[in-house]
Each structure stands twice: as C-alpha cells, then as structure tokens.
$ cat upload38.cif   # mmCIF, C-alpha atoms
data_run
#
loop_
_atom_site.group_PDB
_atom_site.id
_atom_site.type_symbol
_atom_site.label_atom_id
_atom_site.label_comp_id
_atom_site.auth_asym_id
_atom_site.auth_seq_id
_atom_site.Cartn_x
_atom_site.Cartn_y
_atom_site.Cartn_z
ATOM 1 C CA MET A 9 -66.021 33.017 11.072
ATOM 2 C CA SER A 10 -62.732 31.751 12.568
ATOM 3 C CA GLN A 11 -60.832 28.911 10.947
ATOM 4 C CA GLN A 12 -59.999 25.818 12.962
ATOM 5 C CA VAL A 13 -56.253 25.296 13.507
ATOM 6 C CA PRO A 14 -55.239 21.661 12.902
ATOM 7 C CA GLU A 15 -53.741 19.912 15.895
ATOM 8 C CA ARG A 16 -49.923 19.944 15.774
ATOM 9 C CA THR A 17 -48.033 16.673 15.875
ATOM 10 C CA SER A 18 -44.729 16.787 17.717
ATOM 11 C CA ILE A 19 -41.497 15.383 16.337
ATOM 12 C CA ARG A 20 -41.519 12.903 19.206
ATOM 13 C CA ASP A 21 -44.938 11.652 18.081
ATOM 14 C CA HIS A 22 -43.625 11.183 14.527
ATOM 15 C CA LEU A 23 -40.584 9.274 15.744
ATOM 16 C CA SER A 24 -42.681 7.148 18.055
ATOM 17 C CA ALA A 25 -45.082 6.251 15.228
ATOM 18 C CA ALA A 26 -42.208 5.439 12.871
ATOM 19 C CA GLY A 27 -40.567 3.309 15.547
ATOM 20 C CA GLN A 28 -43.766 1.342 16.148
ATOM 21 C CA LYS A 29 -44.172 0.780 12.408
ATOM 22 C CA TRP A 30 -40.549 -0.407 12.101
ATOM 23 C CA LYS A 31 -40.964 -2.793 15.026
ATOM 24 C CA LYS A 32 -44.102 -4.214 13.473
ATOM 25 C CA HIS A 33 -42.480 -4.991 10.120
ATOM 26 C CA SER A 34 -38.817 -5.573 11.074
ATOM 27 C CA TYR A 35 -37.634 -9.137 10.466
ATOM 28 C CA PHE A 36 -34.595 -8.531 12.689
ATOM 29 C CA LEU A 37 -36.718 -7.783 15.753
ATOM 30 C CA ARG A 38 -38.680 -10.970 15.275
ATOM 31 C CA LEU A 39 -35.512 -13.027 15.627
ATOM 32 C CA SER A 40 -34.532 -14.684 18.879
ATOM 33 C CA LYS A 41 -32.115 -12.897 21.174
ATOM 34 C CA LYS A 42 -29.411 -15.455 20.367
ATOM 35 C CA LYS A 43 -29.735 -14.855 16.621
ATOM 36 C CA LYS A 44 -29.700 -11.085 17.109
ATOM 37 C CA ILE A 45 -26.441 -11.343 19.062
ATOM 38 C CA LEU A 46 -24.923 -13.609 16.390
ATOM 39 C CA ILE A 47 -25.860 -11.250 13.554
ATOM 40 C CA GLY A 48 -24.543 -8.282 15.505
ATOM 41 C CA MET A 49 -21.229 -10.047 16.113
ATOM 42 C CA LEU A 50 -20.898 -10.946 12.416
ATOM 43 C CA VAL A 51 -21.537 -7.363 11.338
ATOM 44 C CA PHE A 52 -19.019 -6.095 13.890
ATOM 45 C CA LEU A 53 -16.444 -8.669 12.757
ATOM 46 C CA ALA A 54 -16.883 -7.657 9.113
ATOM 47 C CA PHE A 55 -16.326 -4.027 10.096
ATOM 48 C CA LEU A 56 -13.157 -4.937 12.022
ATOM 49 C CA LEU A 57 -11.818 -6.932 9.075
ATOM 50 C CA PHE A 58 -12.432 -3.963 6.789
ATOM 51 C CA LEU A 59 -10.469 -1.678 9.111
ATOM 52 C CA LEU A 60 -7.711 -4.261 9.473
ATOM 53 C CA GLN A 61 -7.395 -4.643 5.717
ATOM 54 C CA ALA A 62 -7.236 -0.872 5.267
ATOM 55 C CA THR A 63 -4.508 -0.671 7.918
ATOM 56 C CA LEU A 64 -2.404 -3.599 6.737
ATOM 57 C CA ASN A 65 -2.656 -2.987 3.024
ATOM 58 C CA ARG A 66 0.250 -0.576 3.153
ATOM 59 C CA TYR A 67 3.741 -0.180 1.709
ATOM 60 C CA ASN A 68 2.437 0.082 -1.854
ATOM 61 C CA GLY A 69 0.171 -2.882 -1.352
ATOM 62 C CA TYR A 70 2.470 -5.281 0.489
ATOM 63 C CA ASN A 71 -0.183 -6.795 2.722
ATOM 64 C CA ILE A 72 1.745 -7.986 5.771
ATOM 65 C CA LEU A 73 -0.791 -10.719 6.508
ATOM 66 C CA LEU A 74 -0.242 -12.424 3.163
ATOM 67 C CA LEU A 75 3.533 -12.286 2.834
ATOM 68 C CA ASP A 76 4.004 -15.967 3.696
ATOM 69 C CA ARG A 77 2.077 -16.862 0.548
ATOM 70 C CA TYR A 78 4.737 -15.239 -1.599
ATOM 71 C CA VAL A 79 8.150 -15.756 -0.023
ATOM 72 C CA GLU A 80 9.994 -18.100 2.315
ATOM 73 C CA PHE A 81 13.324 -17.549 4.061
ATOM 74 C CA ASN A 82 15.026 -18.057 7.389
ATOM 75 C CA MET A 83 13.925 -15.218 9.653
ATOM 76 C CA PRO A 84 17.019 -13.542 11.186
ATOM 77 C CA GLU A 85 17.313 -13.620 14.960
ATOM 78 C CA THR A 86 18.397 -9.983 15.215
ATOM 79 C CA ASP A 87 16.336 -6.882 14.396
ATOM 80 C CA THR A 88 19.035 -5.429 12.150
ATOM 81 C CA LEU A 89 21.382 -6.857 9.523
ATOM 82 C CA THR A 90 24.624 -5.750 7.943
ATOM 83 C CA SER A 91 24.670 -5.152 4.201
ATOM 84 C CA SER A 92 26.496 -8.433 3.577
ATOM 85 C CA GLN A 93 24.036 -10.353 5.784
ATOM 86 C CA TRP A 94 21.157 -8.821 3.880
ATOM 87 C CA LYS A 95 22.612 -9.869 0.514
ATOM 88 C CA LYS A 96 23.064 -13.450 1.727
ATOM 89 C CA LEU A 97 19.507 -13.508 3.071
ATOM 90 C CA ILE A 98 18.046 -12.271 -0.221
ATOM 91 C CA LYS A 99 20.110 -14.762 -2.200
ATOM 92 C CA SER A 100 18.809 -17.678 -0.123
ATOM 93 C CA ALA A 101 15.179 -16.479 -0.059
ATOM 94 C CA LYS A 102 12.735 -18.198 -2.411
ATOM 95 C CA VAL A 103 9.741 -16.504 -3.984
ATOM 96 C CA LYS A 104 6.749 -18.828 -4.294
ATOM 97 C CA ARG A 105 4.937 -16.414 -6.572
ATOM 98 C CA TYR A 106 5.075 -12.702 -7.279
ATOM 99 C CA PRO A 107 2.148 -10.457 -6.269
ATOM 100 C CA SER A 108 0.990 -9.153 -9.647
ATOM 101 C CA ALA A 109 0.117 -5.601 -8.573
ATOM 102 C CA GLN A 110 3.501 -5.005 -6.978
ATOM 103 C CA LEU A 111 5.407 -6.591 -9.858
ATOM 104 C CA THR A 112 3.549 -4.436 -12.383
ATOM 105 C CA ARG A 113 4.276 -1.340 -10.307
ATOM 106 C CA GLU A 114 7.992 -2.137 -10.200
ATOM 107 C CA VAL A 115 8.118 -2.859 -13.947
ATOM 108 C CA ASN A 116 6.410 0.470 -14.710
ATOM 109 C CA TYR A 117 8.684 2.385 -12.340
ATOM 110 C CA ILE A 118 11.925 0.923 -13.722
ATOM 111 C CA THR A 119 10.742 1.360 -17.323
ATOM 112 C CA ASN A 120 9.877 5.015 -16.699
ATOM 113 C CA GLN A 121 13.239 5.624 -15.042
ATOM 114 C CA TYR A 122 15.078 4.122 -18.007
ATOM 115 C CA LYS A 123 13.080 6.179 -20.492
ATOM 116 C CA LYS A 124 13.759 9.360 -18.527
ATOM 117 C CA ARG A 125 17.495 8.674 -18.591
ATOM 118 C CA ILE A 126 17.388 7.814 -22.304
ATOM 119 C CA LYS A 127 15.657 11.125 -23.001
ATOM 120 C CA GLU A 128 18.216 13.001 -20.887
ATOM 121 C CA TYR A 129 20.965 11.541 -23.080
ATOM 122 C CA GLY A 130 19.191 12.935 -26.143
ATOM 123 C CA MET A 131 18.298 9.534 -27.535
ATOM 124 C CA SER A 132 15.068 7.911 -28.578
ATOM 125 C CA TYR A 133 13.944 4.574 -27.203
ATOM 126 C CA ASN A 134 14.729 2.804 -30.494
ATOM 127 C CA GLU A 135 18.148 4.463 -30.694
ATOM 128 C CA TYR A 136 18.931 3.222 -27.198
ATOM 129 C CA LEU A 137 17.970 -0.342 -28.111
ATOM 130 C CA LYS A 138 20.152 -0.169 -31.210
ATOM 131 C CA GLU A 139 23.136 1.270 -29.317
ATOM 132 C CA SER A 140 22.711 -1.348 -26.572
ATOM 133 C CA ASN A 141 22.380 -4.142 -29.141
ATOM 134 C CA LEU A 142 19.090 -5.209 -27.563
ATOM 135 C CA THR A 143 15.754 -6.214 -28.991
ATOM 136 C CA GLU A 144 12.645 -4.790 -27.356
ATOM 137 C CA ALA A 145 11.849 -8.241 -25.938
ATOM 138 C CA GLU A 146 15.357 -8.527 -24.426
ATOM 139 C CA PHE A 147 15.069 -5.059 -22.901
ATOM 140 C CA GLU A 148 11.679 -5.887 -21.382
ATOM 141 C CA LYS A 149 13.092 -9.138 -19.999
ATOM 142 C CA GLN A 150 15.888 -7.208 -18.271
ATOM 143 C CA ILE A 151 13.327 -4.844 -16.779
ATOM 144 C CA GLU A 152 11.202 -7.736 -15.535
ATOM 145 C CA ASP A 153 14.223 -9.430 -13.931
ATOM 146 C CA LEU A 154 15.128 -6.217 -12.097
ATOM 147 C CA ALA A 155 11.511 -5.750 -11.005
ATOM 148 C CA LYS A 156 11.336 -9.301 -9.661
ATOM 149 C CA GLU A 157 14.505 -8.759 -7.650
ATOM 150 C CA ASN A 158 13.053 -5.545 -6.180
ATOM 151 C CA VAL A 159 9.798 -7.268 -5.257
ATOM 152 C CA LYS A 160 11.687 -10.178 -3.719
ATOM 153 C CA GLU A 161 13.662 -7.813 -1.481
ATOM 154 C CA LYS A 162 10.533 -5.971 -0.416
ATOM 155 C CA LEU A 163 8.692 -9.182 0.398
ATOM 156 C CA VAL A 164 11.551 -10.175 2.695
ATOM 157 C CA LEU A 165 11.835 -6.658 4.095
ATOM 158 C CA HIS A 166 8.161 -6.417 5.071
ATOM 159 C CA SER A 167 8.148 -9.949 6.448
ATOM 160 C CA ILE A 168 10.928 -8.934 8.827
ATOM 161 C CA SER A 169 9.025 -5.727 9.600
ATOM 162 C CA ARG A 170 5.948 -7.735 10.579
ATOM 163 C CA GLU A 171 7.887 -10.272 12.650
ATOM 164 C CA LYS A 172 10.034 -7.714 14.485
ATOM 165 C CA GLY A 173 7.419 -4.977 14.812
ATOM 166 C CA ILE A 174 9.543 -2.436 12.947
ATOM 167 C CA TYR A 175 7.513 0.190 11.107
ATOM 168 C CA VAL A 176 7.788 3.657 9.592
ATOM 169 C CA SER A 177 5.874 6.314 11.509
ATOM 170 C CA ARG A 178 3.920 9.203 9.996
ATOM 171 C CA ASP A 179 6.413 11.648 11.450
ATOM 172 C CA GLU A 180 9.273 9.793 9.774
ATOM 173 C CA MET A 181 7.412 9.865 6.464
ATOM 174 C CA ALA A 182 6.708 13.581 6.818
ATOM 175 C CA LYS A 183 10.363 14.282 7.597
ATOM 176 C CA ALA A 184 11.504 12.253 4.589
ATOM 177 C CA LYS A 185 9.104 14.122 2.298
ATOM 178 C CA LYS A 186 10.460 17.436 3.548
ATOM 179 C CA GLN A 187 13.928 16.177 2.672
ATOM 180 C CA LEU A 188 12.725 15.390 -0.853
ATOM 181 C CA MET A 189 11.588 19.007 -1.202
ATOM 182 C CA LYS A 190 14.881 20.251 0.223
ATOM 183 C CA ASP A 191 16.820 18.104 -2.239
ATOM 184 C CA ARG A 192 14.877 19.755 -5.073
ATOM 185 C CA GLY A 193 15.428 23.206 -3.625
ATOM 186 C CA VAL A 194 11.748 24.006 -3.090
ATOM 187 C CA ALA A 195 9.927 25.192 0.010
ATOM 188 C CA SER A 196 6.381 23.944 -0.610
ATOM 189 C CA GLU A 197 4.501 21.041 -2.162
ATOM 190 C CA SER A 198 3.001 23.319 -4.818
ATOM 191 C CA GLU A 199 6.507 24.382 -5.874
ATOM 192 C CA TYR A 200 7.514 20.734 -5.951
ATOM 193 C CA LYS A 201 4.642 19.879 -8.300
ATOM 194 C CA ASN A 202 5.394 22.841 -10.571
ATOM 195 C CA LEU A 203 9.015 21.709 -10.806
ATOM 196 C CA THR A 204 8.554 17.966 -11.214
ATOM 197 C CA GLY A 205 5.075 17.670 -12.715
ATOM 198 C CA GLU A 206 3.856 15.355 -9.930
ATOM 199 C CA THR A 207 2.751 15.829 -6.344
ATOM 200 C CA LEU A 208 5.025 14.986 -3.453
ATOM 201 C CA ASP A 209 2.735 12.119 -2.419
ATOM 202 C CA GLU A 210 2.726 10.725 -5.962
ATOM 203 C CA HIS A 211 6.511 10.743 -6.061
ATOM 204 C CA ALA A 212 6.746 9.173 -2.594
ATOM 205 C CA GLN A 213 4.495 6.350 -3.780
ATOM 206 C CA GLU A 214 6.339 5.991 -7.073
ATOM 207 C CA ILE A 215 9.714 5.456 -5.378
ATOM 208 C CA ASP A 216 8.098 3.495 -2.517
ATOM 209 C CA LEU A 217 9.494 5.860 0.088
ATOM 210 C CA GLU A 218 8.153 3.832 3.008
ATOM 211 C CA SER A 219 10.083 0.758 1.902
ATOM 212 C CA LYS A 220 13.251 2.806 1.529
ATOM 213 C CA LEU A 221 12.884 4.143 5.080
ATOM 214 C CA LEU A 222 12.101 0.664 6.386
ATOM 215 C CA TYR A 223 15.229 -0.697 4.686
ATOM 216 C CA SER A 224 17.353 1.937 6.433
ATOM 217 C CA LYS A 225 15.950 0.786 9.780
ATOM 218 C CA ILE A 226 16.686 -2.888 9.221
ATOM 219 C CA VAL A 227 19.859 -2.909 7.105
ATOM 220 C CA LYS A 228 22.839 -1.133 8.608
ATOM 221 C CA GLU A 229 26.123 -0.548 6.816
#
$ encode --input "upload38.cif" --output "structure tokens"
Amino acid sequence: MSQQVPERTSIRDHLSAAGQKWKKHSYFLRLSKKKKILIGMLVFLAFLLFLLQATLNRYNGYNILLLDRYVEFNMPETDTLTSSQWKKLIKSAKVKRYPSAQLTREVNYITNQYKKRIKEYGMSYNEYLKESNLTEAEFEKQIEDLAKENVKEKLVLHSISREKGIYVSRDEMAKAKKQLMKDRGVASESEYKNLTGETLDEHAQEIDLESKLLYSKIVKE
C-alpha cells in the first residue's frame, strides 16, 4: 500500500502567512498614516544623530559640537597663526570648565611620561620627589596644571578647526604613523609593538597624534 505524500508548502506561502499574522497583530500598522510618518522620521533622526556623534566624537574625545561649553576666546580672522599669535590667543582664552575625560587622559599621559624619564635616569619615584624637593601632592598639582594647559590649547585648537573647516585626513594620519615607525627604525606595525610594547594606534592615541597634526596646520612658525 502506497503512503500519501503530504502537500508541500512553499516558502512564499510561509512568508505570506507570517506577513498576514504580523499585520493582524502589529500596533504600528494600526496607526494613522500621519503617525507612521512621524515615528519613521523620529527613528531616522535618532539614527542620524548616532552617526553624527560617532563622526564628531573625534580627536581623543574633543566633541566639536560641544566646545563652546568649555572655552571662550576671540576667533581669529585668518586660518593660520604665527607662534606668537597662538601664545597670545591661548593666554587670553578662558576655560569655563574642563572636560573630565580629556583632563584625565592628559594627566595620565604626562604622569606616565615623567615616570618613564625618572626610570631612565635610574631613580625611583620617591627618590625623584626627594631630589626635586617636592611632596607627592605638589608633584601631582604640577602635573594637573600642565594637563589643564594642554586641554585648554586643544579646546581652542579644535574650535578653530570646526570654525575654519580644517581637519586631518586619513591619508595624513597614515603618513604620520609611517613616520613614527621610521623614527623607531622599524618597517612594520608588529615590529613597532615588539619594540615599544604598544601598538602603533595605541601610541598615536596616547600622544594625540591628530591634534599634533592639526596644530601644524593652524600654527605656522
């Protein structure tokens, strides 16, 4: 006796059935056309804001949309400044408040640089403080003051960048990173990491390479 073969259901039938079920229970489809358009626009706007934030949150976190919250100064009329003009501009600029993430990053960077130099001189941290006639609190205060000055300059720098439309391209970054490898006498990023203990990208972020390149575009000797 032959067995009956069950009737096959096509993928299109499955999709059609699922679509009908979704239409029946979907709250969105029961909304008016005007509300659907409004919701769609809000979702699209949220997506655009996400992309914008990801694009602007650059230069080690110096969000170019929020710079006015942190610093105020007289925007120069020209796209470039001499070194003396830059110093005068920084001196007259006023920081309303320091962005905490950037200030912490600068403090950590300067502290690490000091400790590296201290180690190179064959001294311990405590020996350095004793030789410099500094308490730990005084040393940390000096570091914080230096960090604040660095952040102040970068806030001004990126404000000018935003106003004048001066940016660092990917090609310029790539070229600068190759120069970092050349300066270390290595031919590849793996060699660079073996030599320094950090990746090329990590070092570029640590020294804020983009800001350095931006500075060279705006401040001319």
$ atom_distance --input "upload38.cif" --atom1 "atom CA of Glu206 of chain A" --atom2 "atom CA of Tyr106 of chain A"
28.2 Å
$ resolve_selection --input "upload38.cif" --expression "the PyMOL selection byres ((chain A and resi 172) around 12)" --output "MDAnalysis selection string"
chainID A and resid 83:88 165:171 173:175 222 225:226
$ residues_around --input "upload38.cif" --residues "Glu114 of chain A" --least-positions-apart "3" --cutoff "8 Å" --atoms "all atoms listed in the file" --output "list in words"
Gln110, Leu111, Tyr117, Ile118, Ala155, Lys156, Asn158 and Val159 of chain A
$ atom_distance --input "upload38.cif" --atom1 "atom CA of Lys162 of chain A" --atom2 "atom CA of Met181 of chain A"
17.5 Å
$ closest_residue --input "upload38.cif" --among "A:Arg105, A:Val176, A:Tyr78, A:Gln187" --to "Lys220 of chain A" --atoms "only C-alpha atoms"
A:Val176
$ axis_aligned_box --input "upload38.cif" --around "segment 208-223 of chain A" --padding-each-side "4 Å" --output "JSON"
{"center_x": 9.0, "center_y": 7.1, "center_z": -0.3, "size_x": 20.5, "size_y": 23.7, "size_z": 21.5}
$ atom_distance --input "upload38.cif" --atom1 "atom CA of Lys138 of chain A" --atom2 "atom CA of Lys123 of chain A"
14.3 Å
$ residues_around --input "upload38.cif" --residues "segment 141-148 of chain A" --least-positions-apart "6" --cutoff "10 Å" --atoms "all atoms listed in the file" --output "list of chain:residue names"
A:Val115, A:Thr119, A:Tyr133, A:Asn134, A:Glu135, A:Leu154
$ closest_residue --input "upload38.cif" --among "A:Ala195, A:Val164, A:Leu137, A:Leu208" --to "Lys99 of chain A" --atoms "only C-alpha atoms"
A:Val164
$ closest_residue --input "upload38.cif" --among "A:Trp94, A:Lys201, A:Gly130, A:Ser108" --to "Glu152 of chain A" --atoms "all atoms listed in the file"
A:Ser108
$ resolve_selection --input "upload38.cif" --expression "the PyMOL selection byres ((chain A and resi 76) around 10)" --output "list in words"
Ile72, Leu73, Leu74, Leu75, Arg77, Tyr78, Val79, Glu80, Phe81, Val103, Lys104, Leu163, Val164 and Ser167 of chain A
$ residues_around --input "upload38.cif" --residues "Ala212 of chain A" --least-positions-apart "2" --cutoff "12 Å" --atoms "all atoms listed in the file" --output "list in words"
Tyr67, Asn68, Met181, Ala182, Lys183, Ala184, Lys185, Lys186, Gln187, Leu188, Met189, Glu206, Thr207, Leu208, Asp209, Glu210, Glu214, Ile215, Asp216, Leu217, Glu218, Ser219, Lys220 and Leu221 of chain A
